[in-house]
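The block underneath contains the structure these notes are about, expressed in structure tokens.
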Amino acid sequence: MSGPRVAVVTGAAQGIGRQIAEQLASEGYALALTDLREPTDTLTAVLRHGVEAIAVTGDVADEASVARLADGVADRYGRVDVLVNNAGISLLEPAETTSVEQWRRVLAVNLTGPFLTCQAFGRPMLAAGSGAIVNIASIAGLHAVSDRAAYNTSKHGLVGLTRTLAAEWGGRGVRVNAVCPGWVKTEMDAADQASGGYTDDDIEQRVPMGRFAVPGDIATAVAFLADPERSGFVNGVALPVDGGWTADASWTSLRLRKR
């Protein structure tokens with residue numbers, strides 16, 4: 001196929017999603033951006049790179065919204081090469097007080113949504129015999145973090161979905177991988193900290209590299225996994241981008257003594 005490669009980015013209005021969109025635009029991708037609210041600022045930013053882009057509002061947990069998005073991409077571009085499942089919500093709540101409604105909503109957005117978009121965009125990728133899907137999971141999909149039963153479960157499930165689709169679709173030309181960020185300085189982090197769940201020191205003391213991630217750290221990892229030239233034999237990976245969080249079992253005083 002001629003023309004630029006086409007990437008779909010969910011949760012593109014702010015934070016990690018916006019940075020992923022800008023990174024892919026800088027590499028020449030045409031883009032389809034989606035979020036619950038219109039990603040106007042992101043659209044403006046990516047258009048500065050001279051690429052084609054469309055924005056579609058919708059809820060990834062809603063089948064009709066996902067179908068509209070897929071139809072819009074097919075009508076505009078006639079192809080899809082990359083899907084980045086970034087849309088997600090957080091919930092800080094002890095397991096014993098998490099309501100069923102909260103549980104269902106977190107799993108709907110963080111796990112059912114990626115399943116629906118993987119189906120919708122995986123089908124044309126499979127028909128074309130090529131494509132890359134990158135799911136934005138979390139280190140909470142690899143380890144447990146207290147007071148996040150719904151969130152942890154959704155991200156563990158997303159890692160499982162990633163590996164399953166990699167096994168099913170890898171032989172048909174579609175690679176499926178996940179990026180597992182540690183704590184990232186975004187609007188979501190600001191909201192979570194405002195609830196009193198943790199402080200900057202809690203995170204910076206836990207991370208061997210001594211800092212939060214920034215959205216660009218995640219975006220460059222996504223761009224690597226999306227590109228068949230750079231990662232063409234990488235499939236089924238859950239890549240931590242966490243400054244060493246998941247590698248380090250040291251206690252805090254030992255970790256800080258080495259700085």
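Following the order of the structure tokens, first chain is A, next is B, and so on, with residues numbered from 1 inside each chain and ligands from 1 in the order they appear.
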Check which residues of segment 4-47 of chain A sit at most 10 Å from segment 186-209 of chain A using only C-alpha atoms, and return one row each with the closest pair of atoms and their distance in Å to one decimal, ordered by chain and rising number, as JSON lines.
{"residue": "A:Gln14", "atom": "CA", "partner": "A:Glu187", "partner_atom": "CA", "distance": 7.7}
{"residue": "A:Gly15", "atom": "CA", "partner": "A:Thr186", "partner_atom": "CA", "distance": 5.2}
{"residue": "A:Ile16", "atom": "CA", "partner": "A:Thr186", "partner_atom": "CA", "distance": 7.3}
Leaving out segment 213-224 of chain A and any residue of its chain fewer than 5 positions from it, which residues lie within 10 Å of it when counting only C-alpha atoms, given as number ranges by chain?
-> A: 14-24, 27, 82, 84, 133-136, 177-186, 204, 207, 229-232, 234, 239-243
Long-range neighbours of Trp169 of chain A as a ChimeraX atom specification, 12 Å cut-off, only C-alpha atoms, 2 positions minimum in chain = /A:118-119,122-123,125-127,129-133,161-167,171-177,235-236
From the list A:Asp71, A:Glu96, A:Glu52, A:Asp81, which residue is nearest Ala30 of chain A when using only C-alpha atoms?
->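 Of A:Asp71, A:Glu96, A:Glu52, A:Asp81, the one nearest Ala30 of chain A is A:Glu52, counting only C-alpha atoms.
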Taking only C-alpha atoms into account, which of A:Val6, A:Ile139, A:Leu116, A:Ala32 comes nearest Glu63 of chain A?
-> A:Leu116
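Atom pair atom CA of Val51 of chain A / atom CA of Val80 of chain A: separated by 15.0 Å.
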Just the residues within 10 Å of segment 145-148 of chain A, please, counting only C-alpha atoms, with nothing from its chain fewer than 4 positions along; format it as a ChimeraX atom specification.
-> /A:90-98,139-141,152-154,197
Next, write the just-selected residues to a file, as a PDB file, in the first residue's frame, keeping N, CA and C atoms as the atom set.
ATOM      1  N   SER A  90      -8.658   5.503  36.294  1.00  0.00           N
ATOM      2  CA  SER A  90      -8.076   5.039  37.554  1.00  0.00           C
ATOM      3  C   SER A  90      -9.151   4.945  38.628  1.00  0.00           C
ATOM      4  N   LEU A  91      -8.883   4.166  39.653  1.00  0.00           N
ATOM      5  CA  LEU A  91      -9.767   4.125  40.819  1.00  0.00           C
ATOM      6  C   LEU A  91      -8.941   3.743  42.036  1.00  0.00           C
ATOM      7  N   LEU A  92      -8.869   4.662  42.989  1.00  0.00           N
ATOM      8  CA  LEU A  92      -8.227   4.386  44.267  1.00  0.00           C
ATOM      9  C   LEU A  92      -9.317   4.130  45.290  1.00  0.00           C
ATOM     10  N   GLU A  93      -9.490   2.871  45.653  1.00  0.00           N
ATOM     11  CA  GLU A  93     -10.568   2.494  46.568  1.00  0.00           C
ATOM     12  C   GLU A  93     -10.231   1.132  47.168  1.00  0.00           C
ATOM     13  N   PRO A  94     -10.322   0.987  48.506  1.00  0.00           N
ATOM     14  CA  PRO A  94     -10.098  -0.332  49.099  1.00  0.00           C
ATOM     15  C   PRO A  94     -11.064  -1.361  48.519  1.00  0.00           C
ATOM     16  N   ALA A  95     -10.598  -2.587  48.408  1.00  0.00           N
ATOM     17  CA  ALA A  95     -11.415  -3.629  47.794  1.00  0.00           C
ATOM     18  C   ALA A  95     -12.758  -3.785  48.496  1.00  0.00           C
ATOM     19  N   GLU A  96     -12.752  -3.667  49.830  1.00  0.00           N
ATOM     20  CA  GLU A  96     -13.982  -3.939  50.568  1.00  0.00           C
ATOM     21  C   GLU A  96     -15.037  -2.854  50.415  1.00  0.00           C
ATOM     22  N   THR A  97     -14.640  -1.688  49.911  1.00  0.00           N
ATOM     23  CA  THR A  97     -15.623  -0.621  49.706  1.00  0.00           C
ATOM     24  C   THR A  97     -15.809  -0.277  48.223  1.00  0.00           C
ATOM     25  N   THR A  98     -15.186  -1.020  47.327  1.00  0.00           N
ATOM     26  CA  THR A  98     -15.385  -0.803  45.898  1.00  0.00           C
ATOM     27  C   THR A  98     -16.773  -1.288  45.504  1.00  0.00           C
ATOM     28  N   ILE A 139       2.411  -1.106  35.324  1.00  0.00           N
ATOM     29  CA  ILE A 139       3.084  -2.031  36.232  1.00  0.00           C
ATOM     30  C   ILE A 139       2.071  -2.666  37.189  1.00  0.00           C
ATOM     31  N   ALA A 140       0.889  -2.042  37.324  1.00  0.00           N
ATOM     32  CA  ALA A 140      -0.202  -2.652  38.092  1.00  0.00           C
ATOM     33  C   ALA A 140      -0.817  -3.837  37.354  1.00  0.00           C
ATOM     34  N   GLY A 141      -0.390  -4.092  36.124  1.00  0.00           N
ATOM     35  CA  GLY A 141      -0.758  -5.303  35.410  1.00  0.00           C
ATOM     36  C   GLY A 141       0.258  -6.408  35.593  1.00  0.00           C
ATOM     37  N   ASN A 152      -6.070  -2.800  39.165  1.00  0.00           N
ATOM     38  CA  ASN A 152      -5.081  -3.869  39.007  1.00  0.00           C
ATOM     39  C   ASN A 152      -5.639  -5.014  38.174  1.00  0.00           C
ATOM     40  N   THR A 153      -6.871  -5.403  38.474  1.00  0.00           N
ATOM     41  CA  THR A 153      -7.483  -6.520  37.755  1.00  0.00           C
ATOM     42  C   THR A 153      -7.632  -6.197  36.276  1.00  0.00           C
ATOM     43  N   SER A 154      -8.047  -4.969  35.986  1.00  0.00           N
ATOM     44  CA  SER A 154      -8.217  -4.590  34.572  1.00  0.00           C
ATOM     45  C   SER A 154      -6.892  -4.622  33.823  1.00  0.00           C
ATOM     46  N   GLY A 197      -3.828   9.683  48.118  1.00  0.00           N
ATOM     47  CA  GLY A 197      -3.350   8.310  48.044  1.00  0.00           C
ATOM     48  C   GLY A 197      -1.844   8.165  48.172  1.00  0.00           C
TER      49      GLY A 197
END
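Straight-line separation from atom CA of Leu158 of chain A to atom CA of Thr112 of chain A: 8.9 Å.
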Write down as a ChimeraX atom specification the residues belonging to segment 46-192 of chain A that are assigned alpha helix (DSSP H) by DSSP computed on the backbone.
-> /A:46-47,63-77,100-107,113-128,149-169,187-192
Interatomic distance (Å, one decimal) between atom CA of Leu36 of chain A and atom CA of Leu83 of chain A =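 Computed distance, atom CA of Leu36 of chain A to atom CA of Leu83 of chain A, equals 17.2 Å.
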Of the listed residues A:Val100, A:Ala120, A:Ala238, A:Ala7, that which approaches Gly157 of chain A most closely, counting only C-alpha atoms = A:Ala238
Would you please give, as a CSV table (one decimal) with N, CA, C and O atoms, in the first residue's frame, all residues of segment 85-186 of chain A that DSSP assigns to strand (DSSP E) based on the backbone?
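What ended up in states08.csv:
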chain,number,residue,atom,x,y,z
A,85,ASN,N,-4.1,1.3,22.2
A,85,ASN,CA,-5.2,1.3,23.2
A,85,ASN,C,-4.7,2.0,24.5
A,85,ASN,O,-4.1,1.4,25.4
A,131,GLY,N,0.1,-5.5,10.7
A,131,GLY,CA,-0.4,-4.5,11.7
A,131,GLY,C,0.3,-4.7,13.0
A,131,GLY,O,0.9,-5.7,13.3
A,132,ALA,N,0.1,-3.7,13.8
A,132,ALA,CA,0.7,-3.7,15.2
A,132,ALA,C,-0.3,-3.1,16.1
A,132,ALA,O,-0.9,-2.0,15.9
A,133,ILE,N,-0.5,-3.7,17.3
A,133,ILE,CA,-1.4,-3.2,18.3
A,133,ILE,C,-0.5,-3.1,19.6
A,133,ILE,O,0.3,-4.0,19.9
A,134,VAL,N,-0.6,-1.9,20.2
A,134,VAL,CA,0.1,-1.6,21.4
A,134,VAL,C,-0.9,-1.2,22.5
A,134,VAL,O,-1.6,-0.2,22.4
A,135,ASN,N,-1.0,-2.0,23.5
A,135,ASN,CA,-1.9,-1.8,24.6
A,135,ASN,C,-1.2,-1.1,25.8
A,135,ASN,O,-0.1,-1.6,26.2
A,136,ILE,N,-1.7,0.0,26.3
A,136,ILE,CA,-1.1,0.7,27.4
A,136,ILE,C,-1.7,0.0,28.7
A,136,ILE,O,-2.8,0.3,29.1
A,174,VAL,N,0.0,-9.9,12.5
A,174,VAL,CA,-0.4,-8.8,13.4
A,174,VAL,C,0.3,-9.1,14.7
A,174,VAL,O,0.1,-10.1,15.4
A,175,ARG,N,1.2,-8.1,15.1
A,175,ARG,CA,1.9,-8.2,16.4
A,175,ARG,C,1.1,-7.4,17.4
A,175,ARG,O,0.6,-6.4,17.2
A,176,VAL,N,1.1,-8.0,18.6
A,176,VAL,CA,0.4,-7.4,19.7
A,176,VAL,C,1.3,-7.3,21.0
A,176,VAL,O,1.8,-8.4,21.4
A,177,ASN,N,1.5,-6.1,21.5
A,177,ASN,CA,2.4,-5.9,22.6
A,177,ASN,C,1.8,-5.0,23.6
A,177,ASN,O,0.8,-4.3,23.3
A,178,ALA,N,2.3,-4.9,24.8
A,178,ALA,CA,1.9,-3.9,25.8
A,178,ALA,C,3.0,-3.2,26.3
A,178,ALA,O,4.1,-3.7,26.5
A,179,VAL,N,2.8,-1.9,26.7
A,179,VAL,CA,3.7,-1.1,27.4
A,179,VAL,C,3.1,-1.0,28.8
A,179,VAL,O,1.9,-0.7,29.0
A,180,CYS,N,3.9,-1.2,29.8
A,180,CYS,CA,3.5,-1.1,31.2
A,180,CYS,C,4.2,0.0,32.0
A,180,CYS,O,5.3,-0.1,32.5
A,181,PRO,N,3.6,1.2,31.9
A,181,PRO,CA,4.2,2.4,32.6
A,181,PRO,C,4.2,2.2,34.1
A,181,PRO,O,3.3,1.6,34.7
Near-Trp103 of chain A list (9 Å; only C-alpha atoms; drop same-chain fewer than 3 positions) as a compact mmCIF listing (two decimals) with N, CA and C atoms, in the first residue's frame:
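File result.txt, as written:
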# COMPACT_ATOMS: atom_id res chain seq x y z
N LEU A 91 -8.88 4.17 39.65
CA LEU A 91 -9.77 4.13 40.82
C LEU A 91 -8.94 3.74 42.04
N THR A 98 -15.19 -1.02 47.33
CA THR A 98 -15.39 -0.80 45.90
C THR A 98 -16.77 -1.29 45.50
N SER A 99 -17.56 -0.40 44.92
CA SER A 99 -18.91 -0.78 44.52
C SER A 99 -18.88 -1.60 43.23
N VAL A 100 -19.94 -2.32 43.00
CA VAL A 100 -20.04 -3.09 41.76
C VAL A 100 -20.05 -2.14 40.56
N VAL A 106 -14.60 0.47 35.57
CA VAL A 106 -13.15 0.37 35.36
C VAL A 106 -12.83 -0.76 34.39
N LEU A 107 -13.46 -1.91 34.58
CA LEU A 107 -13.19 -3.03 33.67
C LEU A 107 -13.74 -2.76 32.27
N ALA A 108 -14.86 -2.04 32.20
CA ALA A 108 -15.43 -1.73 30.89
C ALA A 108 -14.48 -0.87 30.07
N ALA A 149 -8.04 -2.60 43.53
CA ALA A 149 -8.47 -3.94 43.11
C ALA A 149 -9.02 -3.93 41.69
N ALA A 150 -9.89 -2.99 41.39
CA ALA A 150 -10.49 -2.95 40.05
C ALA A 150 -9.45 -2.58 39.00
N TYR A 151 -8.65 -1.57 39.30
CA TYR A 151 -7.64 -1.11 38.34
C TYR A 151 -6.61 -2.21 38.09
For Thr252 of chain A, the closest of A:Ala137, A:Gly210, A:Ala226, A:Glu38 counting only C-alpha atoms is A:Gly210
Neighbour list for Ile54 of chain A as number ranges by chain, cut-off 8 Å, only C-alpha atoms, skip fewer than 3 positions in-chain | A: 31-33, 43
Surrounding residues of Asp35 of chain A excluding itself and chain neighbours under 5 positions, 10 Å, only C-alpha atoms, as a PDB file with all heavy atoms, in the first residue's frame:
ATOM      1  N   VAL A   9      -5.275   6.162  17.914  1.00  0.00           N
ATOM      2  CA  VAL A   9      -4.877   6.349  19.312  1.00  0.00           C
ATOM      3  C   VAL A   9      -6.121   6.661  20.131  1.00  0.00           C
ATOM      4  O   VAL A   9      -6.811   7.655  19.875  1.00  0.00           O
ATOM      5  CB  VAL A   9      -3.853   7.490  19.474  1.00  0.00           C
ATOM      6  CG1 VAL A   9      -3.442   7.628  20.943  1.00  0.00           C
ATOM      7  CG2 VAL A   9      -2.623   7.245  18.593  1.00  0.00           C
ATOM      8  N   THR A  10      -6.422   5.828  21.118  1.00  0.00           N
ATOM      9  CA  THR A  10      -7.558   6.084  22.001  1.00  0.00           C
ATOM     10  C   THR A  10      -7.083   6.855  23.239  1.00  0.00           C
ATOM     11  O   THR A  10      -5.907   6.826  23.596  1.00  0.00           O
ATOM     12  CB  THR A  10      -8.243   4.779  22.432  1.00  0.00           C
ATOM     13  OG1 THR A  10      -7.426   4.081  23.389  1.00  0.00           O
ATOM     14  CG2 THR A  10      -8.523   3.878  21.238  1.00  0.00           C
ATOM     15  N   GLY A  11      -8.021   7.550  23.876  1.00  0.00           N
ATOM     16  CA  GLY A  11      -7.653   8.358  25.038  1.00  0.00           C
ATOM     17  C   GLY A  11      -6.659   9.439  24.664  1.00  0.00           C
ATOM     18  O   GLY A  11      -5.709   9.727  25.402  1.00  0.00           O
ATOM     19  N   ALA A  12      -6.891  10.094  23.514  1.00  0.00           N
ATOM     20  CA  ALA A  12      -5.892  10.979  22.919  1.00  0.00           C
ATOM     21  C   ALA A  12      -5.998  12.431  23.361  1.00  0.00           C
ATOM     22  O   ALA A  12      -5.190  13.260  22.933  1.00  0.00           O
ATOM     23  CB  ALA A  12      -5.993  10.909  21.393  1.00  0.00           C
ATOM     24  N   ALA A  13      -6.956  12.765  24.206  1.00  0.00           N
ATOM     25  CA  ALA A  13      -7.202  14.179  24.507  1.00  0.00           C
ATOM     26  C   ALA A  13      -6.145  14.801  25.398  1.00  0.00           C
ATOM     27  O   ALA A  13      -5.947  16.019  25.362  1.00  0.00           O
ATOM     28  CB  ALA A  13      -8.576  14.357  25.148  1.00  0.00           C
ATOM     29  N   GLN A  14      -5.443  14.000  26.193  1.00  0.00           N
ATOM     30  CA  GLN A  14      -4.507  14.577  27.142  1.00  0.00           C
ATOM     31  C   GLN A  14      -3.470  13.525  27.548  1.00  0.00           C
ATOM     32  O   GLN A  14      -3.535  12.370  27.142  1.00  0.00           O
ATOM     33  CB  GLN A  14      -5.234  15.073  28.401  1.00  0.00           C
ATOM     34  CG  GLN A  14      -5.925  13.955  29.188  1.00  0.00           C
ATOM     35  CD  GLN A  14      -6.689  14.468  30.402  1.00  0.00           C
ATOM     36  OE1 GLN A  14      -7.040  15.642  30.489  1.00  0.00           O
ATOM     37  NE2 GLN A  14      -6.943  13.584  31.348  1.00  0.00           N
ATOM     38  N   GLY A  17      -1.788   9.812  26.040  1.00  0.00           N
ATOM     39  CA  GLY A  17      -2.377   9.671  24.711  1.00  0.00           C
ATOM     40  C   GLY A  17      -1.998  10.805  23.785  1.00  0.00           C
ATOM     41  O   GLY A  17      -1.685  10.578  22.604  1.00  0.00           O
ATOM     42  N   ALA A  55     -10.437  13.421  14.222  1.00  0.00           N
ATOM     43  CA  ALA A  55     -10.791  13.249  15.630  1.00  0.00           C
ATOM     44  C   ALA A  55     -12.234  12.765  15.711  1.00  0.00           C
ATOM     45  O   ALA A  55     -13.117  13.315  15.041  1.00  0.00           O
ATOM     46  CB  ALA A  55     -10.627  14.563  16.389  1.00  0.00           C
ATOM     47  N   VAL A  56     -12.457  11.746  16.528  1.00  0.00           N
ATOM     48  CA  VAL A  56     -13.786  11.160  16.691  1.00  0.00           C
ATOM     49  C   VAL A  56     -14.062  11.015  18.181  1.00  0.00           C
ATOM     50  O   VAL A  56     -13.277  10.385  18.895  1.00  0.00           O
ATOM     51  CB  VAL A  56     -13.874   9.772  16.011  1.00  0.00           C
ATOM     52  CG1 VAL A  56     -15.261   9.190  16.162  1.00  0.00           C
ATOM     53  CG2 VAL A  56     -13.481   9.857  14.541  1.00  0.00           C
ATOM     54  N   THR A  57     -15.144  11.600  18.666  1.00  0.00           N
ATOM     55  CA  THR A  57     -15.487  11.425  20.074  1.00  0.00           C
ATOM     56  C   THR A  57     -16.254  10.115  20.260  1.00  0.00           C
ATOM     57  O   THR A  57     -16.980   9.671  19.364  1.00  0.00           O
ATOM     58  CB  THR A  57     -16.337  12.592  20.591  1.00  0.00           C
ATOM     59  OG1 THR A  57     -17.512  12.719  19.780  1.00  0.00           O
ATOM     60  CG2 THR A  57     -15.558  13.890  20.566  1.00  0.00           C
ATOM     61  N   GLY A  58     -16.064   9.514  21.419  1.00  0.00           N
ATOM     62  CA  GLY A  58     -16.771   8.272  21.695  1.00  0.00           C
ATOM     63  C   GLY A  58     -16.197   7.563  22.898  1.00  0.00           C
ATOM     64  O   GLY A  58     -15.148   7.935  23.444  1.00  0.00           O
ATOM     65  N   ASP A  59     -16.903   6.534  23.331  1.00  0.00           N
ATOM     66  CA  ASP A  59     -16.557   5.732  24.500  1.00  0.00           C
ATOM     67  C   ASP A  59     -16.074   4.369  24.017  1.00  0.00           C
ATOM     68  O   ASP A  59     -16.826   3.629  23.382  1.00  0.00           O
ATOM     69  CB  ASP A  59     -17.800   5.582  25.386  1.00  0.00           C
ATOM     70  CG  ASP A  59     -17.526   4.833  26.685  1.00  0.00           C
ATOM     71  OD1 ASP A  59     -16.429   4.248  26.834  1.00  0.00           O
ATOM     72  OD2 ASP A  59     -18.430   4.819  27.541  1.00  0.00           O
ATOM     73  N   VAL A  60     -14.820   4.019  24.320  1.00  0.00           N
ATOM     74  CA  VAL A  60     -14.287   2.746  23.834  1.00  0.00           C
ATOM     75  C   VAL A  60     -15.017   1.543  24.422  1.00  0.00           C
ATOM     76  O   VAL A  60     -14.946   0.449  23.865  1.00  0.00           O
ATOM     77  CB  VAL A  60     -12.778   2.620  24.120  1.00  0.00           C
ATOM     78  CG1 VAL A  60     -11.986   3.652  23.349  1.00  0.00           C
ATOM     79  CG2 VAL A  60     -12.478   2.686  25.616  1.00  0.00           C
ATOM     80  N   ASN A  86      -4.866   3.329  24.536  1.00  0.00           N
ATOM     81  CA  ASN A  86      -4.393   4.123  25.670  1.00  0.00           C
ATOM     82  C   ASN A  86      -5.512   4.539  26.617  1.00  0.00           C
ATOM     83  O   ASN A  86      -5.249   4.804  27.792  1.00  0.00           O
ATOM     84  CB  ASN A  86      -3.686   5.377  25.143  1.00  0.00           C
ATOM     85  CG  ASN A  86      -3.376   6.354  26.246  1.00  0.00           C
ATOM     86  OD1 ASN A  86      -2.494   6.131  27.057  1.00  0.00           O
ATOM     87  ND2 ASN A  86      -4.129   7.453  26.310  1.00  0.00           N
ATOM     88  N   ALA A  87      -6.751   4.598  26.155  1.00  0.00           N
ATOM     89  CA  ALA A  87      -7.842   5.069  27.013  1.00  0.00           C
ATOM     90  C   ALA A  87      -7.921   4.239  28.289  1.00  0.00           C
ATOM     91  O   ALA A  87      -7.852   3.002  28.249  1.00  0.00           O
ATOM     92  CB  ALA A  87      -9.169   4.992  26.264  1.00  0.00           C
TER      93      ALA A  87
END
